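Reviewing the structure listed below.
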There are 2 protein chains.
Amino acid sequence: MASIKDVAKLAGVAASTVSLVLNNKGYVSETTRQKVRKAMDELSYVPSDVARNLSMNRTNTIGVVIPSISHPFFGELVQALEIELFSRNYKVMLCTTMAKKNAEIEFIEMLKRKNMDGIIMGAHTMDTSIYNNLNRPVLAFDRYIGDDIPIVCSDHALGGLQAAQAMLKHNPKHVVQIIGAQNVATPAQTYHEVFQQELANHGVKVDNYEMEWNAFTMKQFDDAARHVFELYKDIDGIFTTDMPALRCLGLAASCGYSVPETLKIVSYDGTVVTETGAVPITTIRQQLDKLAELSAEAIVAMVNGTEMPDLTPVPTKLISRKTC
Amino acid sequence: MASIKDVAKLAGVAASTVSLVLNNKGYVSETTRQKVRKAMDELSYVPSDVARNLSMNRTNTIGVVIPSISHPFFGELVQALEIELFSRNYKVMLCTTMAKKNAEIEFIEMLKRKNMDGIIMGAHTMDTSIYNNLNRPVLAFDRYIGDDIPIVCSDHALGGLQAAQAMLKHNPKHVVQIIGAQNVATPAQTYHEVFQQELANHGVKVDNYEMEWNAFTMKQFDDAARHVFELYKDIDGIFTTDMPALRCLGLAASCGYSVPETLKIVSYDGTVVTETGAVPITTIRQQLDKLAELSAEAIVAMVNGTEMPDLTPVPTKLISRKTC
DNA sequence: TTGAAAGCGCTAACAG
DNA sequence: CTGTTAGCGCTTTCAA
């Protein structure tokens, strides 16, 4: 691996000059520029980012913290984020917290060790205090982490309303929401609150079934769906996120329901799994592409100290399909 | 951010000594060790990996190249890989190639710039020559990249056979396979070949429908499914990967088929999307956890020059569900 | 058992 | 316009 010195020597100039042409900085005469370029070619020189990072105290790397990348929602999110950040000249370093103990704390340390420029925090967090004396920009993705930590999220109030309206069209009597653990503070709770309120306003009975914390496995979704069907015999509507919705749909027939005739299902998130499958699901879609773009813009602005984009919640969209 | 010098100064020792206790190397008296530890605590010192990397010419980072992280197969793969590598003290740097032009070449350069220790290549590759004079260990995930590049993959011959046997139980007359573009060399082609051969041996007519290169979007799966139903009116069986299988299932009813009565579907891969949904799909499951573990072991061995694990293809598993 | 010093490959003043 | 010099924070001989 040729270094900048090798290039300098071959071109007959100083290393600093090579650095200048490398970064298109300062004034370099066309002739030396040519010489340097040629030397680079001949040595097939590739500059070392790690040396550069050390010297500049900057890595152009953003840590992205999520519970699990195999969950469709986060898969689609990270896919979009990676593209948005890549186009802004940032790399993402993934950190998956679900299957690790102390993942949060370990990751905070890693953030410092690796000298990442910033972090996008999309994992469930119980103890948010660790983010306070962290010396780097933190962007919260759909979480409340601290008072002065900016948040990117969907307009969940709208989402809840859209779901309620879709449901109300069919005059349900008793609907249940399968919701995440209530001890983690996330803007996403809003949609369930709004949904419940709106249905209550129309005299519809609503029950909430609470899943455990960090529920992201098939088994957990499956259990939730089964319990709901056991607990509430007379329901005619279910509102929950994509994966448990899918399980409810799968189990409905064997539990004596037919969708959408006697049971309406609307899901929240609208990932790709809702549109594949035998029965496509009516869903409230979060615009992950927009959310990702906004997140990328925001974190880059925070890193560079430039002006922040408008962080108004991104509208959700009702997508009517076969289940409601 | 306190540096090693700060710690050294506070502890009243030399930086090199701090380095020794940091890495549990050499002989350091218990008393100085204590002093150093204390100083670290007081300064809440976090060592810089980038300095360390520069000095050691090693980053403990593996590049993972895949077409798209939002595709369930790769989502599950990367999830498992990240965990396996993390437990071996490696970080993964994701590179998603599908939505970028020249992604492969750019990534190779990045690999060098970032000085990654090795790469796991799971993306479709047309030009494999770029990997030849790459000075770092490369592990191919389910691809043929070069003669001397080790491959981790499933036992696709077994997979094809299992699929064929599942299908043959129902005495099909005419089945179609939806397959990937044939101009990329992957071990995965084997299962379609074996499947076809096995069915042919039993006098079953098999047609192949070829998707375009790098087909990973819903629209592409949808198109494929529609075309198949248009092109072949008399089919009673479909064999393809999870996502197109899901689309076929979704479209079947409106095309006059009922699954599994008049149309059998078996999918390949067995990602989570096959078990969610209204009708769970009979599938040939690739054991992604084993594949990931093997990959992690192998790439780490390559990086360290230690003995390679046995790279025998990993058995697939037939999972019988509702579609065949 | 510890410290001094050189070096990893780059950037950033600053002087000429 | 270009070269010299001094770091960035760590590891690693080599002496002492």
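By convention here, the chains of the structure tokens are called A, B, ... in the order presented, each chain's residues are numbered starting at 1, and ligands are numbered starting at 1 in the order presented.
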
Up to 12 Å from chain A, what residues of chain D turn up? Count only C-alpha atoms (C1' of nucleotides) and give them as a list in words.
DC1, DT2, DG3, DT4, DT5, DA6, DG7, DC8, DG9 and DC10 of chain D

Since we have the selection now, will you write its residues out, keeping C-alpha atoms (C1' of nucleotides), as a PDB file, in the first residue's frame?
ATOM      1  C1'  DC D   1       2.660  28.169  -5.350  1.00  0.00           C
ATOM      2  C1'  DT D   2       5.459  24.735  -2.487  1.00  0.00           C
ATOM      3  C1'  DG D   3       8.221  22.781   1.365  1.00  0.00           C
ATOM      4  C1'  DT D   4       9.121  22.388   6.440  1.00  0.00           C
ATOM      5  C1'  DT D   5       7.457  21.247  10.629  1.00  0.00           C
ATOM      6  C1'  DA D   6       4.543  19.802  14.068  1.00  0.00           C
ATOM      7  C1'  DG D   7       1.051  17.255  15.487  1.00  0.00           C
ATOM      8  C1'  DC D   8      -3.441  13.658  15.750  1.00  0.00           C
ATOM      9  C1'  DG D   9      -3.372   9.197  19.772  1.00  0.00           C
ATOM     10  C1'  DC D  10      -1.771   5.091  19.866  1.00  0.00           C
TER      11       DC D  10
END

message: Please identify all residues of chain A having at least one atom at most 8 Å from any atom of chain B, considering only C-alpha atoms, and return them as a PyMOL selection string.
response: chain A and resi 46-51+53-54+68-72+75-79+82-83+92-94+96+99+109+112-115+218+243+246-247+249-251+272-273+276-280

Since we have the selection now, will you write its residues out, keeping C-alpha atoms, as a tab-separated table (two decimals), in the first residue's frame?
chain	number	residue	atom	x	y	z
A	46	VAL	CA	-5.45	4.98	-2.19
A	47	PRO	CA	-5.39	7.49	0.66
A	48	SER	CA	-5.89	6.14	4.15
A	49	ASP	CA	-9.05	7.31	5.81
A	50	VAL	CA	-7.88	6.22	9.18
A	51	ALA	CA	-4.82	8.47	9.06
A	53	ASN	CA	-9.55	10.68	10.50
A	54	LEU	CA	-6.92	10.79	13.17
A	68	SER	CA	-32.78	-5.45	15.05
A	69	ILE	CA	-32.04	-5.16	11.38
A	70	SER	CA	-34.08	-8.19	10.44
A	71	HIS	CA	-37.32	-6.50	11.42
A	72	PRO	CA	-38.84	-5.18	8.19
A	75	GLY	CA	-34.60	-3.00	7.41
A	76	GLU	CA	-36.38	-0.53	5.23
A	77	LEU	CA	-35.33	2.36	7.42
A	78	VAL	CA	-31.67	1.48	7.39
A	79	GLN	CA	-31.74	0.82	3.68
A	82	GLU	CA	-27.71	4.26	4.22
A	83	ILE	CA	-28.46	5.63	0.79
A	92	VAL	CA	-23.19	4.21	8.55
A	93	MET	CA	-22.02	1.94	11.27
A	94	LEU	CA	-24.78	-0.35	12.39
A	96	THR	CA	-28.07	-3.72	16.76
A	99	ALA	CA	-29.60	-9.56	20.98
A	109	GLU	CA	-18.38	3.70	24.34
A	112	LYS	CA	-16.35	7.42	21.29
A	113	ARG	CA	-13.71	4.85	20.51
A	114	LYS	CA	-14.47	4.92	16.83
A	115	ASN	CA	-14.87	8.65	17.00
A	218	MET	CA	-42.19	-13.91	15.48
A	243	MET	CA	-46.06	-7.91	12.21
A	246	LEU	CA	-49.99	-10.22	10.03
A	247	ARG	CA	-50.18	-12.84	12.74
A	249	LEU	CA	-54.61	-12.23	10.00
A	250	GLY	CA	-52.96	-15.62	9.88
A	251	LEU	CA	-54.73	-16.86	12.97
A	272	VAL	CA	-43.51	-4.34	2.46
A	273	VAL	CA	-44.85	-7.33	4.35
A	276	THR	CA	-47.15	-9.27	-0.09
A	277	GLY	CA	-49.00	-12.32	1.02
A	278	ALA	CA	-52.34	-13.80	0.23
A	279	VAL	CA	-54.36	-11.00	1.77
A	280	PRO	CA	-52.83	-7.54	1.54

- prompt: Which chain C residues are at most 9 Å from chain B (counting only C-alpha atoms (C1' of nucleotides)), as a ChimeraX atom specification?
  reply: /C:1-4,7-9

Restricting the calculation to only C-alpha atoms (C1' of nucleotides): of B:Arg285, B:Lys35, B:Lys25, B:His227, which residue gets closest to DT11 (chain D)?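 Under the stated criterion, the closest residue is B:Lys25.
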
Which of region 6-82 of chain B end up as alpha helix (DSSP H) when DSSP is run on this backbone - answer as JSON, numbers by chain? {"B": [6, 7, 8, 9, 10, 11, 15, 16, 17, 18, 19, 20, 21, 22, 23, 30, 31, 32, 33, 34, 35, 36, 37, 38, 39, 40, 41, 42, 43, 49, 50, 51, 52, 53, 54, 55, 56, 72, 73, 74, 75, 76, 77, 78, 79, 80, 81, 82]}

Restricted to N, CA and C atoms, what would the selected residues look like written as a short mmCIF file (atom, residue, chain, number, x, y, z; two decimals), in the first residue's frame?
data_model
loop_
_atom_site.label_atom_id
_atom_site.label_comp_id
_atom_site.auth_asym_id
_atom_site.auth_seq_id
_atom_site.Cartn_x
_atom_site.Cartn_y
_atom_site.Cartn_z
N ASP B 6 -2.78 12.27 28.72
CA ASP B 6 -3.41 12.85 29.90
C ASP B 6 -3.44 11.83 31.03
N VAL B 7 -3.79 10.62 30.66
CA VAL B 7 -3.83 9.56 31.65
C VAL B 7 -2.43 9.35 32.23
N ALA B 8 -1.47 9.29 31.34
CA ALA B 8 -0.09 9.06 31.76
C ALA B 8 0.35 10.15 32.74
N LYS B 9 0.07 11.39 32.38
CA LYS B 9 0.48 12.50 33.21
C LYS B 9 -0.16 12.40 34.60
N LEU B 10 -1.45 12.20 34.60
CA LEU B 10 -2.17 12.13 35.88
C LEU B 10 -1.68 10.98 36.74
N ALA B 11 -1.34 9.89 36.09
CA ALA B 11 -0.89 8.72 36.85
C ALA B 11 0.59 8.81 37.17
N ALA B 15 3.33 7.19 28.70
CA ALA B 15 2.21 6.77 27.86
C ALA B 15 2.31 5.29 27.52
N SER B 16 3.53 4.87 27.27
CA SER B 16 3.70 3.47 26.88
C SER B 16 3.23 2.53 27.99
N THR B 17 3.42 2.96 29.21
CA THR B 17 2.95 2.14 30.33
C THR B 17 1.42 2.05 30.35
N VAL B 18 0.81 3.19 30.11
CA VAL B 18 -0.64 3.19 30.04
C VAL B 18 -1.09 2.21 28.96
N SER B 19 -0.43 2.27 27.84
CA SER B 19 -0.75 1.36 26.74
C SER B 19 -0.67 -0.09 27.21
N LEU B 20 0.35 -0.37 27.98
CA LEU B 20 0.52 -1.75 28.46
C LEU B 20 -0.67 -2.20 29.32
N VAL B 21 -1.05 -1.36 30.26
CA VAL B 21 -2.17 -1.82 31.10
C VAL B 21 -3.47 -1.86 30.28
N LEU B 22 -3.59 -0.95 29.34
CA LEU B 22 -4.78 -0.92 28.49
C LEU B 22 -4.96 -2.25 27.78
N ASN B 23 -3.85 -2.82 27.35
CA ASN B 23 -3.93 -4.03 26.55
C ASN B 23 -3.52 -5.29 27.31
N GLU B 30 1.65 -4.19 40.08
CA GLU B 30 0.27 -4.01 40.49
C GLU B 30 0.00 -2.57 40.91
N THR B 31 0.98 -1.96 41.57
CA THR B 31 0.75 -0.59 42.06
C THR B 31 0.58 0.41 40.92
N THR B 32 1.45 0.35 39.95
CA THR B 32 1.28 1.28 38.83
C THR B 32 0.01 0.97 38.07
N ARG B 33 -0.27 -0.30 37.95
CA ARG B 33 -1.51 -0.69 37.29
C ARG B 33 -2.70 0.02 37.96
N GLN B 34 -2.72 -0.03 39.27
CA GLN B 34 -3.78 0.63 40.03
C GLN B 34 -3.82 2.13 39.73
N LYS B 35 -2.66 2.73 39.80
CA LYS B 35 -2.58 4.18 39.54
C LYS B 35 -3.17 4.53 38.18
N VAL B 36 -2.76 3.74 37.20
CA VAL B 36 -3.22 4.00 35.84
C VAL B 36 -4.73 3.84 35.73
N ARG B 37 -5.23 2.75 36.30
CA ARG B 37 -6.67 2.50 36.28
C ARG B 37 -7.43 3.68 36.89
N LYS B 38 -6.90 4.13 38.00
CA LYS B 38 -7.55 5.23 38.71
C LYS B 38 -7.59 6.49 37.84
N ALA B 39 -6.45 6.77 37.23
CA ALA B 39 -6.38 7.95 36.37
C ALA B 39 -7.38 7.83 35.22
N MET B 40 -7.47 6.65 34.66
CA MET B 40 -8.42 6.42 33.56
C MET B 40 -9.84 6.73 34.02
N ASP B 41 -10.15 6.21 35.17
CA ASP B 41 -11.49 6.45 35.71
C ASP B 41 -11.76 7.93 35.89
N GLU B 42 -10.82 8.59 36.55
CA GLU B 42 -11.03 10.00 36.85
C GLU B 42 -11.26 10.82 35.59
N LEU B 43 -10.54 10.45 34.55
CA LEU B 43 -10.67 11.21 33.30
C LEU B 43 -11.75 10.62 32.40
N ASP B 49 -9.88 4.28 18.92
CA ASP B 49 -9.65 3.19 17.98
C ASP B 49 -8.95 3.67 16.72
N VAL B 50 -9.24 4.88 16.32
CA VAL B 50 -8.65 5.29 15.05
C VAL B 50 -7.14 5.45 15.18
N ALA B 51 -6.69 5.96 16.30
CA ALA B 51 -5.24 6.04 16.51
C ALA B 51 -4.64 4.63 16.56
N ARG B 52 -5.33 3.82 17.30
CA ARG B 52 -4.92 2.43 17.43
C ARG B 52 -4.86 1.74 16.06
N ASN B 53 -5.87 1.94 15.29
CA ASN B 53 -5.92 1.34 13.96
C ASN B 53 -4.75 1.79 13.10
N LEU B 54 -4.49 3.07 13.16
CA LEU B 54 -3.41 3.61 12.35
C LEU B 54 -2.10 2.97 12.76
N SER B 55 -1.92 2.90 14.03
CA SER B 55 -0.67 2.39 14.54
C SER B 55 -0.51 0.89 14.28
N MET B 56 -1.60 0.17 14.37
CA MET B 56 -1.51 -1.28 14.21
C MET B 56 -1.81 -1.76 12.80
N PRO B 72 -35.83 -9.15 2.95
CA PRO B 72 -35.85 -9.97 4.16
C PRO B 72 -34.67 -10.95 4.27
N PHE B 73 -34.31 -11.53 3.17
CA PHE B 73 -33.21 -12.50 3.23
C PHE B 73 -31.94 -11.84 3.74
N PHE B 74 -31.61 -10.71 3.18
CA PHE B 74 -30.38 -10.03 3.58
C PHE B 74 -30.52 -9.38 4.95
N GLY B 75 -31.72 -8.95 5.26
CA GLY B 75 -31.95 -8.41 6.60
C GLY B 75 -31.63 -9.46 7.65
N GLU B 76 -32.16 -10.64 7.44
CA GLU B 76 -31.91 -11.70 8.42
C GLU B 76 -30.45 -12.14 8.41
N LEU B 77 -29.88 -12.16 7.23
CA LEU B 77 -28.47 -12.53 7.13
C LEU B 77 -27.58 -11.55 7.88
N VAL B 78 -27.78 -10.29 7.61
CA VAL B 78 -26.92 -9.28 8.23
C VAL B 78 -27.14 -9.23 9.73
N GLN B 79 -28.36 -9.39 10.15
CA GLN B 79 -28.64 -9.43 11.58
C GLN B 79 -27.80 -10.52 12.25
N ALA B 80 -27.83 -11.69 11.66
CA ALA B 80 -27.08 -12.81 12.23
C ALA B 80 -25.57 -12.57 12.12
N LEU B 81 -25.14 -12.06 10.99
CA LEU B 81 -23.72 -11.79 10.79
C LEU B 81 -23.19 -10.78 11.79
N GLU B 82 -23.98 -9.74 12.00
CA GLU B 82 -23.53 -8.68 12.89
C GLU B 82 -23.32 -9.24 14.28
#

| request: Can you pull out every residue within 8 Å of Asn214 (chain B), counting only C-alpha atoms (C1' of nucleotides), but drop anything in the same chain fewer than 3 positions away, and send it as a list in words? | output: Pro67, Met98, His124, Gly180 and Ala181 of chain B

Pick out the closest residue to Ile284 (chain B) from this set: B:Lys169, B:Lys264, B:Lys219, B:His156. Count only C-alpha atoms.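 Once distances to Ile284 (chain B) are computed over only C-alpha atoms, the minimum belongs to B:His156.
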
Would you list the contacts of Asp236 (chain A) as a PDB file with N, CA and C atoms, in the first residue's frame, taking every protein, DNA or RNA residue within 10 Å and counting only C-alpha atoms (C1' of nucleotides), but skipping same-chain residues closer than 4 positions in sequence?
ATOM      1  N   MET A 167     -61.368   2.460  10.343  1.00  0.00           N
ATOM      2  CA  MET A 167     -62.084   1.488  11.159  1.00  0.00           C
ATOM      3  C   MET A 167     -63.555   1.883  11.329  1.00  0.00           C
ATOM      4  N   HIS A 170     -66.751   1.056   9.198  1.00  0.00           N
ATOM      5  CA  HIS A 170     -67.454  -0.227   9.244  1.00  0.00           C
ATOM      6  C   HIS A 170     -68.219  -0.431  10.540  1.00  0.00           C
ATOM      7  N   ASN A 171     -68.409   0.655  11.292  1.00  0.00           N
ATOM      8  CA  ASN A 171     -69.180   0.585  12.530  1.00  0.00           C
ATOM      9  C   ASN A 171     -68.812  -0.583  13.440  1.00  0.00           C
ATOM     10  N   PRO A 172     -67.588  -0.608  13.872  1.00  0.00           N
ATOM     11  CA  PRO A 172     -67.179  -1.696  14.756  1.00  0.00           C
ATOM     12  C   PRO A 172     -67.800  -1.519  16.135  1.00  0.00           C
ATOM     13  N   LYS A 173     -67.837  -2.601  16.881  1.00  0.00           N
ATOM     14  CA  LYS A 173     -68.388  -2.552  18.236  1.00  0.00           C
ATOM     15  C   LYS A 173     -67.263  -2.628  19.274  1.00  0.00           C
ATOM     16  N   HIS A 174     -66.285  -3.452  18.966  1.00  0.00           N
ATOM     17  CA  HIS A 174     -65.247  -3.704  19.953  1.00  0.00           C
ATOM     18  C   HIS A 174     -63.919  -3.963  19.249  1.00  0.00           C
ATOM     19  N   VAL A 175     -63.014  -3.032  19.397  1.00  0.00           N
ATOM     20  CA  VAL A 175     -61.720  -3.274  18.748  1.00  0.00           C
ATOM     21  C   VAL A 175     -60.607  -3.299  19.784  1.00  0.00           C
ATOM     22  N   VAL A 176     -59.577  -4.090  19.508  1.00  0.00           N
ATOM     23  CA  VAL A 176     -58.432  -4.093  20.419  1.00  0.00           C
ATOM     24  C   VAL A 176     -57.171  -3.630  19.688  1.00  0.00           C
ATOM     25  N   TYR A 232     -60.417 -11.788  24.162  1.00  0.00           N
ATOM     26  CA  TYR A 232     -61.576 -11.016  23.728  1.00  0.00           C
ATOM     27  C   TYR A 232     -62.328 -11.785  22.654  1.00  0.00           C
ATOM     28  N   TYR A 257     -62.889 -16.231  12.804  1.00  0.00           N
ATOM     29  CA  TYR A 257     -63.181 -14.931  12.189  1.00  0.00           C
ATOM     30  C   TYR A 257     -62.935 -15.009  10.697  1.00  0.00           C
ATOM     31  N   SER A 258     -63.647 -14.198   9.947  1.00  0.00           N
ATOM     32  CA  SER A 258     -63.229 -14.045   8.567  1.00  0.00           C
ATOM     33  C   SER A 258     -62.953 -12.572   8.308  1.00  0.00           C
ATOM     34  N   VAL A 259     -61.810 -12.344   7.694  1.00  0.00           N
ATOM     35  CA  VAL A 259     -61.342 -10.986   7.425  1.00  0.00           C
ATOM     36  C   VAL A 259     -61.624 -10.670   5.969  1.00  0.00           C
ATOM     37  N   PRO A 260     -62.269  -9.565   5.632  1.00  0.00           N
ATOM     38  CA  PRO A 260     -62.665  -8.487   6.539  1.00  0.00           C
ATOM     39  C   PRO A 260     -64.130  -8.580   7.010  1.00  0.00           C
ATOM     40  N   GLU A 261     -64.807  -9.654   6.660  1.00  0.00           N
ATOM     41  CA  GLU A 261     -66.245  -9.683   6.953  1.00  0.00           C
ATOM     42  C   GLU A 261     -66.558  -9.485   8.435  1.00  0.00           C
ATOM     43  N   THR A 262     -66.030 -10.355   9.285  1.00  0.00           N
ATOM     44  CA  THR A 262     -66.374 -10.235  10.708  1.00  0.00           C
ATOM     45  C   THR A 262     -65.248  -9.626  11.543  1.00  0.00           C
ATOM     46  N   LEU A 263     -64.098  -9.456  10.919  1.00  0.00           N
ATOM     47  CA  LEU A 263     -62.979  -8.845  11.650  1.00  0.00           C
ATOM     48  C   LEU A 263     -62.207  -7.906  10.722  1.00  0.00           C
ATOM     49  N   LYS A 264     -62.111  -6.644  11.146  1.00  0.00           N
ATOM     50  CA  LYS A 264     -61.314  -5.683  10.371  1.00  0.00           C
ATOM     51  C   LYS A 264     -59.928  -5.592  10.982  1.00  0.00           C
ATOM     52  N   ILE A 265     -58.930  -5.505  10.122  1.00  0.00           N
ATOM     53  CA  ILE A 265     -57.569  -5.312  10.625  1.00  0.00           C
ATOM     54  C   ILE A 265     -56.941  -4.120   9.922  1.00  0.00           C
TER      55      ILE A 265
END

Expressed in Å, the length from CA of Gln197 (chain A) to CA of Thr241 (chain A) is 18.1 Å

From a backbone DSSP assignment, name each residue in region 89-302 of chain A labelled strand (DSSP E), as a tab-separated table (two decimals) with N, CA and C atoms, in the first residue's frame.
chain	number	residue	atom	x	y	z
A	91	LYS	N	-20.71	7.37	5.98
A	91	LYS	CA	-20.94	5.94	6.08
A	91	LYS	C	-21.75	5.65	7.34
A	92	VAL	N	-22.50	4.56	7.31
A	92	VAL	CA	-23.19	4.21	8.55
A	92	VAL	C	-22.54	3.00	9.19
A	93	MET	N	-22.48	3.07	10.49
A	93	MET	CA	-22.02	1.94	11.27
A	93	MET	C	-23.22	1.45	12.06
A	94	LEU	N	-23.58	0.22	11.80
A	94	LEU	CA	-24.78	-0.35	12.39
A	94	LEU	C	-24.54	-0.81	13.82
A	95	CYS	N	-25.47	-0.55	14.67
A	95	CYS	CA	-25.43	-1.23	15.97
A	95	CYS	C	-26.80	-1.73	16.36
A	96	THR	N	-26.86	-3.00	16.50
A	96	THR	CA	-28.07	-3.72	16.76
A	96	THR	C	-28.10	-4.08	18.24
A	118	GLY	N	-21.56	11.28	14.77
A	118	GLY	CA	-22.88	11.49	15.34
A	118	GLY	C	-23.64	10.18	15.39
A	119	ILE	N	-24.81	10.21	15.99
A	119	ILE	CA	-25.56	8.97	16.06
A	119	ILE	C	-27.05	9.19	15.87
A	120	ILE	N	-27.64	8.26	15.19
A	120	ILE	CA	-29.09	8.25	15.02
A	120	ILE	C	-29.61	7.12	15.89
A	121	MET	N	-30.40	7.49	16.86
A	121	MET	CA	-30.80	6.54	17.88
A	121	MET	C	-32.23	6.08	17.63
A	138	VAL	N	-26.64	13.83	18.73
A	138	VAL	CA	-27.52	12.68	18.75
A	138	VAL	C	-28.86	13.08	18.15
A	139	LEU	N	-29.33	12.27	17.24
A	139	LEU	CA	-30.66	12.49	16.69
A	139	LEU	C	-31.53	11.31	17.10
A	140	ALA	N	-32.68	11.63	17.64
A	140	ALA	CA	-33.58	10.56	18.06
A	140	ALA	C	-34.52	10.22	16.92
A	141	PHE	N	-34.61	8.94	16.61
A	141	PHE	CA	-35.58	8.52	15.61
A	141	PHE	C	-36.79	7.94	16.31
A	151	ILE	N	-35.87	15.30	17.38
A	151	ILE	CA	-36.58	14.07	17.03
A	151	ILE	C	-37.08	14.10	15.59
A	152	VAL	N	-36.87	13.02	14.91
A	152	VAL	CA	-37.51	12.83	13.61
A	152	VAL	C	-38.57	11.76	13.79
A	174	HIS	N	-66.29	-3.45	18.97
A	174	HIS	CA	-65.25	-3.70	19.95
A	174	HIS	C	-63.92	-3.96	19.25
A	175	VAL	N	-63.01	-3.03	19.40
A	175	VAL	CA	-61.72	-3.27	18.75
A	175	VAL	C	-60.61	-3.30	19.78
A	176	VAL	N	-59.58	-4.09	19.51
A	176	VAL	CA	-58.43	-4.09	20.42
A	176	VAL	C	-57.17	-3.63	19.69
A	177	GLN	N	-56.38	-2.92	20.45
A	177	GLN	CA	-55.08	-2.49	19.97
A	177	GLN	C	-54.03	-3.35	20.63
A	178	ILE	N	-53.10	-3.84	19.84
A	178	ILE	CA	-51.94	-4.50	20.44
A	178	ILE	C	-50.82	-3.47	20.44
A	179	ILE	N	-50.36	-3.14	21.62
A	179	ILE	CA	-49.42	-2.03	21.72
A	179	ILE	C	-48.12	-2.46	22.37
A	205	LYS	N	-66.04	0.44	21.89
A	205	LYS	CA	-65.24	-0.08	22.99
A	205	LYS	C	-63.84	-0.43	22.49
A	206	VAL	N	-62.83	0.02	23.21
A	206	VAL	CA	-61.46	-0.28	22.82
A	206	VAL	C	-60.69	-0.90	23.98
A	207	ASP	N	-60.05	-2.02	23.73
A	207	ASP	CA	-59.16	-2.60	24.72
A	207	ASP	C	-57.73	-2.59	24.21
A	208	ASN	N	-56.82	-2.47	25.15
A	208	ASN	CA	-55.41	-2.48	24.78
A	208	ASN	C	-54.73	-3.74	25.29
A	209	TYR	N	-54.01	-4.40	24.41
A	209	TYR	CA	-53.21	-5.55	24.82
A	209	TYR	C	-51.75	-5.13	24.74
A	210	GLU	N	-51.07	-5.19	25.85
A	210	GLU	CA	-49.70	-4.70	25.90
A	210	GLU	C	-48.69	-5.81	25.71
A	237	GLY	N	-62.49	-5.81	15.42
A	237	GLY	CA	-61.46	-4.96	14.84
A	237	GLY	C	-60.14	-5.05	15.60
A	238	ILE	N	-59.03	-4.99	14.87
A	238	ILE	CA	-57.70	-5.00	15.48
A	238	ILE	C	-56.84	-3.92	14.84
A	239	PHE	N	-56.13	-3.20	15.68
A	239	PHE	CA	-55.21	-2.18	15.20
A	239	PHE	C	-53.88	-2.38	15.89
A	240	THR	N	-52.85	-2.60	15.10
A	240	THR	CA	-51.51	-2.83	15.66
A	240	THR	C	-50.48	-2.67	14.55
A	241	THR	N	-49.22	-2.86	14.88
A	241	THR	CA	-48.19	-2.72	13.86
A	241	THR	C	-48.20	-3.92	12.90
A	264	LYS	N	-62.11	-6.64	11.15
A	264	LYS	CA	-61.31	-5.68	10.37
A	264	LYS	C	-59.93	-5.59	10.98
A	265	ILE	N	-58.93	-5.51	10.12
A	265	ILE	CA	-57.57	-5.31	10.63
A	265	ILE	C	-56.94	-4.12	9.92
A	266	VAL	N	-56.42	-3.19	10.69
A	266	VAL	CA	-55.57	-2.18	10.07
A	266	VAL	C	-54.24	-2.15	10.82
A	267	SER	N	-53.19	-2.11	10.02
A	267	SER	CA	-51.87	-2.16	10.62
A	267	SER	C	-51.20	-0.80	10.55
A	268	TYR	N	-50.18	-0.64	11.34
A	268	TYR	CA	-49.43	0.61	11.36
A	268	TYR	C	-48.00	0.34	10.94
A	269	ASP	N	-47.47	1.17	10.08
A	269	ASP	CA	-46.10	1.16	9.54
A	269	ASP	C	-46.12	1.02	8.03
A	282	THR	N	-54.71	-3.56	4.94
A	282	THR	CA	-54.97	-2.13	5.01
A	282	THR	C	-54.07	-1.53	6.09
A	283	THR	N	-53.39	-0.46	5.73
A	283	THR	CA	-52.33	-0.01	6.63
A	283	THR	C	-52.17	1.50	6.66
A	284	ILE	N	-51.59	1.97	7.74
A	284	ILE	CA	-51.17	3.36	7.82
A	284	ILE	C	-49.67	3.37	7.58
A	285	ARG	N	-49.30	3.94	6.47
A	285	ARG	CA	-47.90	3.84	6.07
A	285	ARG	C	-47.07	5.01	6.59
